[in-house]
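Asker: Pasting a structure here, questions to come.
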Amino acid sequence: MTAAQAAPRPLPAPGAWRGVAWAVRRDLRLALRSKAELGVQLLFYVIVATLVPLGVGPDSVLLRALGPGVLWVAALLASLLALPRLFAMDFADGTLEQMTLSPYPLPALISGKIAAHWLATGLPLVAVSPLLGLQFGLGGDELVVLALGLLLGTPTLSLIGAVGAALTLGLRNGALLALLVLPLYVPVLIFGAGAVDAVRTGLGAGAELSLLGAGLLGALVGAPLAAAAAARIAID
Amino acid sequence: MLESKQLAAQRGAATLFSGIDFRLAPGDALLVTGANGSGKTTLLRIAAGLSHAAQGTLSWRGVAVAPLDAELRAAVTYIGHAAALKDELTAEENLASQTSLHAGSADSGAIARALGLWSLDRQRALPARALSMGQRRRIGLARLALVPRPLWILDEPAAALDAAGLALLCGMIGAHLAQGGMAIIATHQDIGLSGPSVRGLALS
């Protein structure tokens, strides 16, 4: 096999972290180049969370009771809004098939994409949520727990959503993604809004936040693998 | 070396092709020709490990490989119809991004040389959306020089290329074969590649 040995040797398989870093860097750069699209999602969150107090009226007790649920539902829908774009562009322009052929593991590349997606779409929601909470008359502790819950919950939403986005690649029907993903968002919604309620009623939010954290860890392990498997099916 | 035995592919209920046997030793090239819709792209995707064959086996260095086999993945450069370019990124950023995705040498000197080779110096900082079809194709082909792989699988590489680009491509493929590389190229035009190691495979 001397002839075969003369051929250029394949490169050694590089580490998973370099794959994650590649995807984070590239997707963040792309996100920064299309700021308008990012703005839509944040704007949606701010508008929904602002319209509800205007619609309900200045009943402070009612607003405080509604606040956590409304803010979480708005975050959930805003997160859903950004999902279809997660893989669709890469699928259409051939990047996704190049990613599956990359020597980096596909789940690592997809983890990086999800991380960049959360940094670009999830983190801004977390950052503005205390401000929006003020409109509902939430107090200091409640605002902290709201932001903390969103900090743990929105990455979980991105991770679960990525599986749905990968599974619905190539389908024209956008509603299917929402139908697939929203039921899986429900536990995050319940514990996230529940955490703020727990603080408001004087109970600690420790249990709810722990559960959100556990959910995040579970999704971190499972979701990139599932999304990668779904993406491979879409490519074939 | 890459070898196929009795490969077949289906689209829906119809058989695209069946009984495809080929054997590529180092230095060999396979020119796949055929009418539109005859399954050239499908055959290339199977050879690159992207798609499943309906029947038959593909083996790489004597070992049968499944789609997305790690060994095959590390040995192949596949350039398909889709250029995998991002409109928002510049020519330079696109090439650097593609190169580092495939763990090639993406330092700025190497990228600049590859862009120069394909006469894209002046388009270096232009966003890909401002480039012509031929220039987009050239960015994709520039990766060949940056990511050393023994097996090149090129789907219509000559599409949208001008005469100078075609000559450059031919020269690169010739040099690659001379160094013991292998290539599978789908085309429906004469790209000027010839020699004893270049064989044709006509799909009907």
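By order of appearance in the structure tokens: chains A, B, ..., then residues from 1 within every chain, and ligands from 1 in the order shown.
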Please return, as a PDB file with N, CA and C atoms, in the first residue's frame, all residues of chain B lying within 6 Å of chain A when only C-alpha atoms are considered.
Answerer:
ATOM      1  N   PRO B  26      -5.136   5.648  -5.448  1.00  0.00           N
ATOM      2  CA  PRO B  26      -4.458   6.943  -5.394  1.00  0.00           C
ATOM      3  C   PRO B  26      -3.993   7.366  -6.783  1.00  0.00           C
ATOM      4  N   LEU B  50     -22.485  11.341   2.714  1.00  0.00           N
ATOM      5  CA  LEU B  50     -23.581  12.196   3.193  1.00  0.00           C
ATOM      6  C   LEU B  50     -24.919  11.480   3.156  1.00  0.00           C
ATOM      7  N   SER B  51     -25.087  10.601   2.168  1.00  0.00           N
ATOM      8  CA  SER B  51     -26.387   9.952   1.994  1.00  0.00           C
ATOM      9  C   SER B  51     -26.237   8.434   2.054  1.00  0.00           C
ATOM     10  N   ARG B  73     -14.839  10.876   6.640  1.00  0.00           N
ATOM     11  CA  ARG B  73     -15.065  12.311   6.835  1.00  0.00           C
ATOM     12  C   ARG B  73     -13.745  13.067   6.893  1.00  0.00           C
ATOM     13  N   ALA B  74     -12.753  12.452   7.556  1.00  0.00           N
ATOM     14  CA  ALA B  74     -11.468  13.126   7.710  1.00  0.00           C
ATOM     15  C   ALA B  74     -10.653  13.086   6.429  1.00  0.00           C
ATOM     16  N   ALA B  75     -11.123  12.342   5.426  1.00  0.00           N
ATOM     17  CA  ALA B  75     -10.327  12.186   4.209  1.00  0.00           C
ATOM     18  C   ALA B  75     -10.934  12.907   3.020  1.00  0.00           C
ATOM     19  N   ALA B  82     -24.451  23.786  -3.274  1.00  0.00           N
ATOM     20  CA  ALA B  82     -24.589  24.910  -2.353  1.00  0.00           C
ATOM     21  C   ALA B  82     -23.191  25.313  -1.900  1.00  0.00           C
ATOM     22  N   ALA B  84     -22.278  27.075   0.582  1.00  0.00           N
ATOM     23  CA  ALA B  84     -22.095  27.211   2.034  1.00  0.00           C
ATOM     24  C   ALA B  84     -21.509  28.567   2.405  1.00  0.00           C
ATOM     25  N   HIS B 102     -13.143  22.811   8.699  1.00  0.00           N
ATOM     26  CA  HIS B 102     -12.560  21.535   8.296  1.00  0.00           C
ATOM     27  C   HIS B 102     -11.147  21.377   8.834  1.00  0.00           C
ATOM     28  N   PRO B 150      -7.133  13.657   0.905  1.00  0.00           N
ATOM     29  CA  PRO B 150      -6.802  12.781  -0.231  1.00  0.00           C
ATOM     30  C   PRO B 150      -7.935  12.635  -1.240  1.00  0.00           C
ATOM     31  N   GLY B 180      -0.911  11.713  -5.682  1.00  0.00           N
ATOM     32  CA  GLY B 180      -1.535  10.520  -5.104  1.00  0.00           C
ATOM     33  C   GLY B 180      -2.918  10.779  -4.548  1.00  0.00           C
ATOM     34  N   GLY B 181      -3.493  11.931  -4.864  1.00  0.00           N
ATOM     35  CA  GLY B 181      -4.851  12.214  -4.426  1.00  0.00           C
ATOM     36  C   GLY B 181      -5.866  11.535  -5.320  1.00  0.00           C
TER      37      GLY B 181
END
Asker: So that I can see what lies close to Ala178 of chain A, please list as a list in words the residues with an atom at most 9 Å from it, counting only C-alpha atoms and leaving out residues fewer than 5 positions away in the same chain.
Answerer: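 Counting only C-alpha atoms, the residues come to Leu80, Gly161, Gly164 and Pro183 of chain A.
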Asker: Export N, CA and C atoms of the chosen residues as a PDB file, in the first residue's frame?
Answerer:
ATOM      1  N   LEU A  80     -39.446  31.315  21.082  1.00  0.00           N
ATOM      2  CA  LEU A  80     -39.982  30.518  19.966  1.00  0.00           C
ATOM      3  C   LEU A  80     -39.840  31.264  18.642  1.00  0.00           C
ATOM      4  N   GLY A 161     -35.614  23.854  22.141  1.00  0.00           N
ATOM      5  CA  GLY A 161     -36.055  24.385  20.859  1.00  0.00           C
ATOM      6  C   GLY A 161     -35.175  23.933  19.717  1.00  0.00           C
ATOM      7  N   GLY A 164     -36.310  20.673  18.361  1.00  0.00           N
ATOM      8  CA  GLY A 164     -37.496  20.866  17.519  1.00  0.00           C
ATOM      9  C   GLY A 164     -37.130  21.480  16.181  1.00  0.00           C
ATOM     10  N   PRO A 183     -45.188  22.191  24.274  1.00  0.00           N
ATOM     11  CA  PRO A 183     -45.479  21.302  25.412  1.00  0.00           C
ATOM     12  C   PRO A 183     -44.233  21.019  26.256  1.00  0.00           C
TER      13      PRO A 183
END
Asker: To one decimal place, how far is atom CA of Leu31 of chain B from atom CA of Ala202 of chain B in Å?
Answerer: 8.2 Å
Asker: I need the residues of chain B that end up classed as strand (DSSP E) by DSSP on the backbone, written out as a PyMOL selection string.
Answerer: chain B and resi 2-11+14-24+29-34+55-60+63-64+76-79+151-155+182-186+198-203
Asker: Write the residues of the preceding selection, restricted to C-alpha atoms, as a PDB file, in the first residue's frame.
Answerer:
ATOM      1  CA  LEU B   2     -12.419   4.271  -2.427  1.00  0.00           C
ATOM      2  CA  GLU B   3     -14.383   1.383  -3.812  1.00  0.00           C
ATOM      3  CA  SER B   4     -18.059   0.866  -4.461  1.00  0.00           C
ATOM      4  CA  LYS B   5     -19.916  -2.363  -5.079  1.00  0.00           C
ATOM      5  CA  GLN B   6     -23.334  -2.480  -6.700  1.00  0.00           C
ATOM      6  CA  LEU B   7     -24.426   0.936  -5.432  1.00  0.00           C
ATOM      7  CA  ALA B   8     -28.023   1.807  -6.110  1.00  0.00           C
ATOM      8  CA  ALA B   9     -30.106   4.826  -5.258  1.00  0.00           C
ATOM      9  CA  GLN B  10     -33.804   5.484  -5.342  1.00  0.00           C
ATOM     10  CA  ARG B  11     -35.883   8.593  -5.471  1.00  0.00           C
ATOM     11  CA  ALA B  14     -38.089   5.132  -9.023  1.00  0.00           C
ATOM     12  CA  THR B  15     -34.589   3.733  -9.258  1.00  0.00           C
ATOM     13  CA  LEU B  16     -32.087   6.466 -10.098  1.00  0.00           C
ATOM     14  CA  PHE B  17     -29.214   4.123 -10.802  1.00  0.00           C
ATOM     15  CA  SER B  18     -28.148   0.644  -9.776  1.00  0.00           C
ATOM     16  CA  GLY B  19     -25.184  -1.653 -10.005  1.00  0.00           C
ATOM     17  CA  ILE B  20     -22.577   1.128  -9.861  1.00  0.00           C
ATOM     18  CA  ASP B  21     -19.094  -0.297  -9.379  1.00  0.00           C
ATOM     19  CA  PHE B  22     -16.040   1.890  -9.269  1.00  0.00           C
ATOM     20  CA  ARG B  23     -12.622   1.691  -7.775  1.00  0.00           C
ATOM     21  CA  LEU B  24     -10.447   4.728  -7.162  1.00  0.00           C
ATOM     22  CA  ALA B  29     -10.083  10.446 -10.997  1.00  0.00           C
ATOM     23  CA  LEU B  30     -13.636   9.528 -11.843  1.00  0.00           C
ATOM     24  CA  LEU B  31     -15.632  11.814 -14.107  1.00  0.00           C
ATOM     25  CA  VAL B  32     -19.336  11.238 -13.552  1.00  0.00           C
ATOM     26  CA  THR B  33     -21.450  12.354 -16.473  1.00  0.00           C
ATOM     27  CA  GLY B  34     -25.117  12.073 -17.214  1.00  0.00           C
ATOM     28  CA  GLN B  55     -28.227  -0.916  -1.986  1.00  0.00           C
ATOM     29  CA  GLY B  56     -24.580  -1.767  -2.241  1.00  0.00           C
ATOM     30  CA  THR B  57     -21.523  -0.938  -0.193  1.00  0.00           C
ATOM     31  CA  LEU B  58     -18.911   1.738  -0.149  1.00  0.00           C
ATOM     32  CA  SER B  59     -15.482   0.999   1.266  1.00  0.00           C
ATOM     33  CA  TRP B  60     -12.648   3.324   2.140  1.00  0.00           C
ATOM     34  CA  VAL B  63     -13.109  -1.152   5.111  1.00  0.00           C
ATOM     35  CA  ALA B  64     -16.832  -0.846   4.458  1.00  0.00           C
ATOM     36  CA  VAL B  76     -12.861  13.942   2.010  1.00  0.00           C
ATOM     37  CA  THR B  77     -13.425  17.452   0.767  1.00  0.00           C
ATOM     38  CA  TYR B  78     -16.930  17.692  -0.653  1.00  0.00           C
ATOM     39  CA  ILE B  79     -17.935  20.773  -2.601  1.00  0.00           C
ATOM     40  CA  LEU B 151     -10.292  12.553  -1.717  1.00  0.00           C
ATOM     41  CA  TRP B 152     -11.945  15.452  -3.515  1.00  0.00           C
ATOM     42  CA  ILE B 153     -15.596  15.138  -4.414  1.00  0.00           C
ATOM     43  CA  LEU B 154     -16.690  18.020  -6.592  1.00  0.00           C
ATOM     44  CA  ASP B 155     -20.233  18.485  -7.841  1.00  0.00           C
ATOM     45  CA  MET B 182      -8.201  11.010  -5.708  1.00  0.00           C
ATOM     46  CA  ALA B 183     -11.113  12.901  -7.186  1.00  0.00           C
ATOM     47  CA  ILE B 184     -14.701  12.255  -8.147  1.00  0.00           C
ATOM     48  CA  ILE B 185     -16.113  14.995 -10.324  1.00  0.00           C
ATOM     49  CA  ALA B 186     -19.635  15.310 -11.633  1.00  0.00           C
ATOM     50  CA  VAL B 198      -9.062   9.654 -15.512  1.00  0.00           C
ATOM     51  CA  ARG B 199     -12.009   7.385 -16.096  1.00  0.00           C
ATOM     52  CA  GLY B 200     -15.542   8.170 -17.018  1.00  0.00           C
ATOM     53  CA  LEU B 201     -18.748   6.910 -15.466  1.00  0.00           C
ATOM     54  CA  ALA B 202     -21.868   7.683 -17.443  1.00  0.00           C
ATOM     55  CA  LEU B 203     -25.185   7.542 -15.632  1.00  0.00           C
TER      56      LEU B 203
END
Asker: Just how far from atom CA of Gly174 of chain B is atom CA of Met1 of chain B, in Å to one decimal?
Answerer: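 Interatomic distance, atom CA of Met1 of chain B to atom CA of Gly174 of chain B: 17.5 Å.
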Asker: Using 9 Å as the limit and counting only C-alpha atoms, can you tabulate each residue of segment 31-124 of chain B that touches segment 138-142 of chain B, with its shortest atom-to-atom distance in Å and the two atoms involved, as CSV?
Answerer:
residue,atom,partner,partner_atom,distance
B:Ile79,CA,B:Gly140,CA,7.0
B:Ala83,CA,B:Gly140,CA,6.0
B:Ala84,CA,B:Gly140,CA,7.9
B:Leu85,CA,B:Gly140,CA,8.1
B:Ala91,CA,B:Ile139,CA,6.9
B:Glu92,CA,B:Ile139,CA,8.6
B:Asn94,CA,B:Ile139,CA,7.8
B:Leu95,CA,B:Ile139,CA,6.3
B:Gln98,CA,B:Gly140,CA,8.4
B:Ile111,CA,B:Ala142,CA,8.7
B:Ala114,CA,B:Ala142,CA,5.7
B:Leu115,CA,B:Ala142,CA,6.6
B:Leu117,CA,B:Ala142,CA,7.9
B:Trp118,CA,B:Arg138,CA,6.3
B:Ser119,CA,B:Arg138,CA,8.6
B:Leu120,CA,B:Arg138,CA,8.1
Asker: Find the spatial neighbours of Ile110 of chain A, counting only C-alpha atoms, within a cut-off of 9 Å - ignore same-chain residues fewer than 2 positions away - and output them as a ChimeraX atom specification.
Answerer: /A:19-20,23,99,105-108,112-115,162,224-225,227-228
Asker: Hey, which of A:Leu134, A:Pro124, A:Ala82, A:Ala65 ends up closest to Thr50 of chain A? Count only C-alpha atoms.
Answerer: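 Under the stated criterion, the closest residue is A:Leu134.
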Asker: Identify all residues of segment 13-175 of chain B in alpha helix (DSSP H) (DSSP on the backbone) and supply them as a PyMOL selection string.
Answerer: chain B and resi 40-47+70-73+91-101+108-117+133-146+163-175
Asker: Show which residues sit within 12 Å of Leu217 of chain A, as a list in words. Count only C-alpha atoms, and ignore same-chain residues fewer than 4 positions away.
Answerer: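 Listing them by chain and then by number gives Leu152, Gly153, Pro155, Thr156, Leu159, Ile160, Ser210, Leu211, Leu212, Gly213, Val221, Gly222, Ala223 and Pro224 of chain A.
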Asker: Given only C-alpha atoms as the basis, pick out the residue of B:Thr90, B:Ser197, B:Gln189, B:Thr99 nearest to Arg124 of chain B.
Answerer: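 Answer, going by the shortest atom-to-atom distance: B:Thr90.
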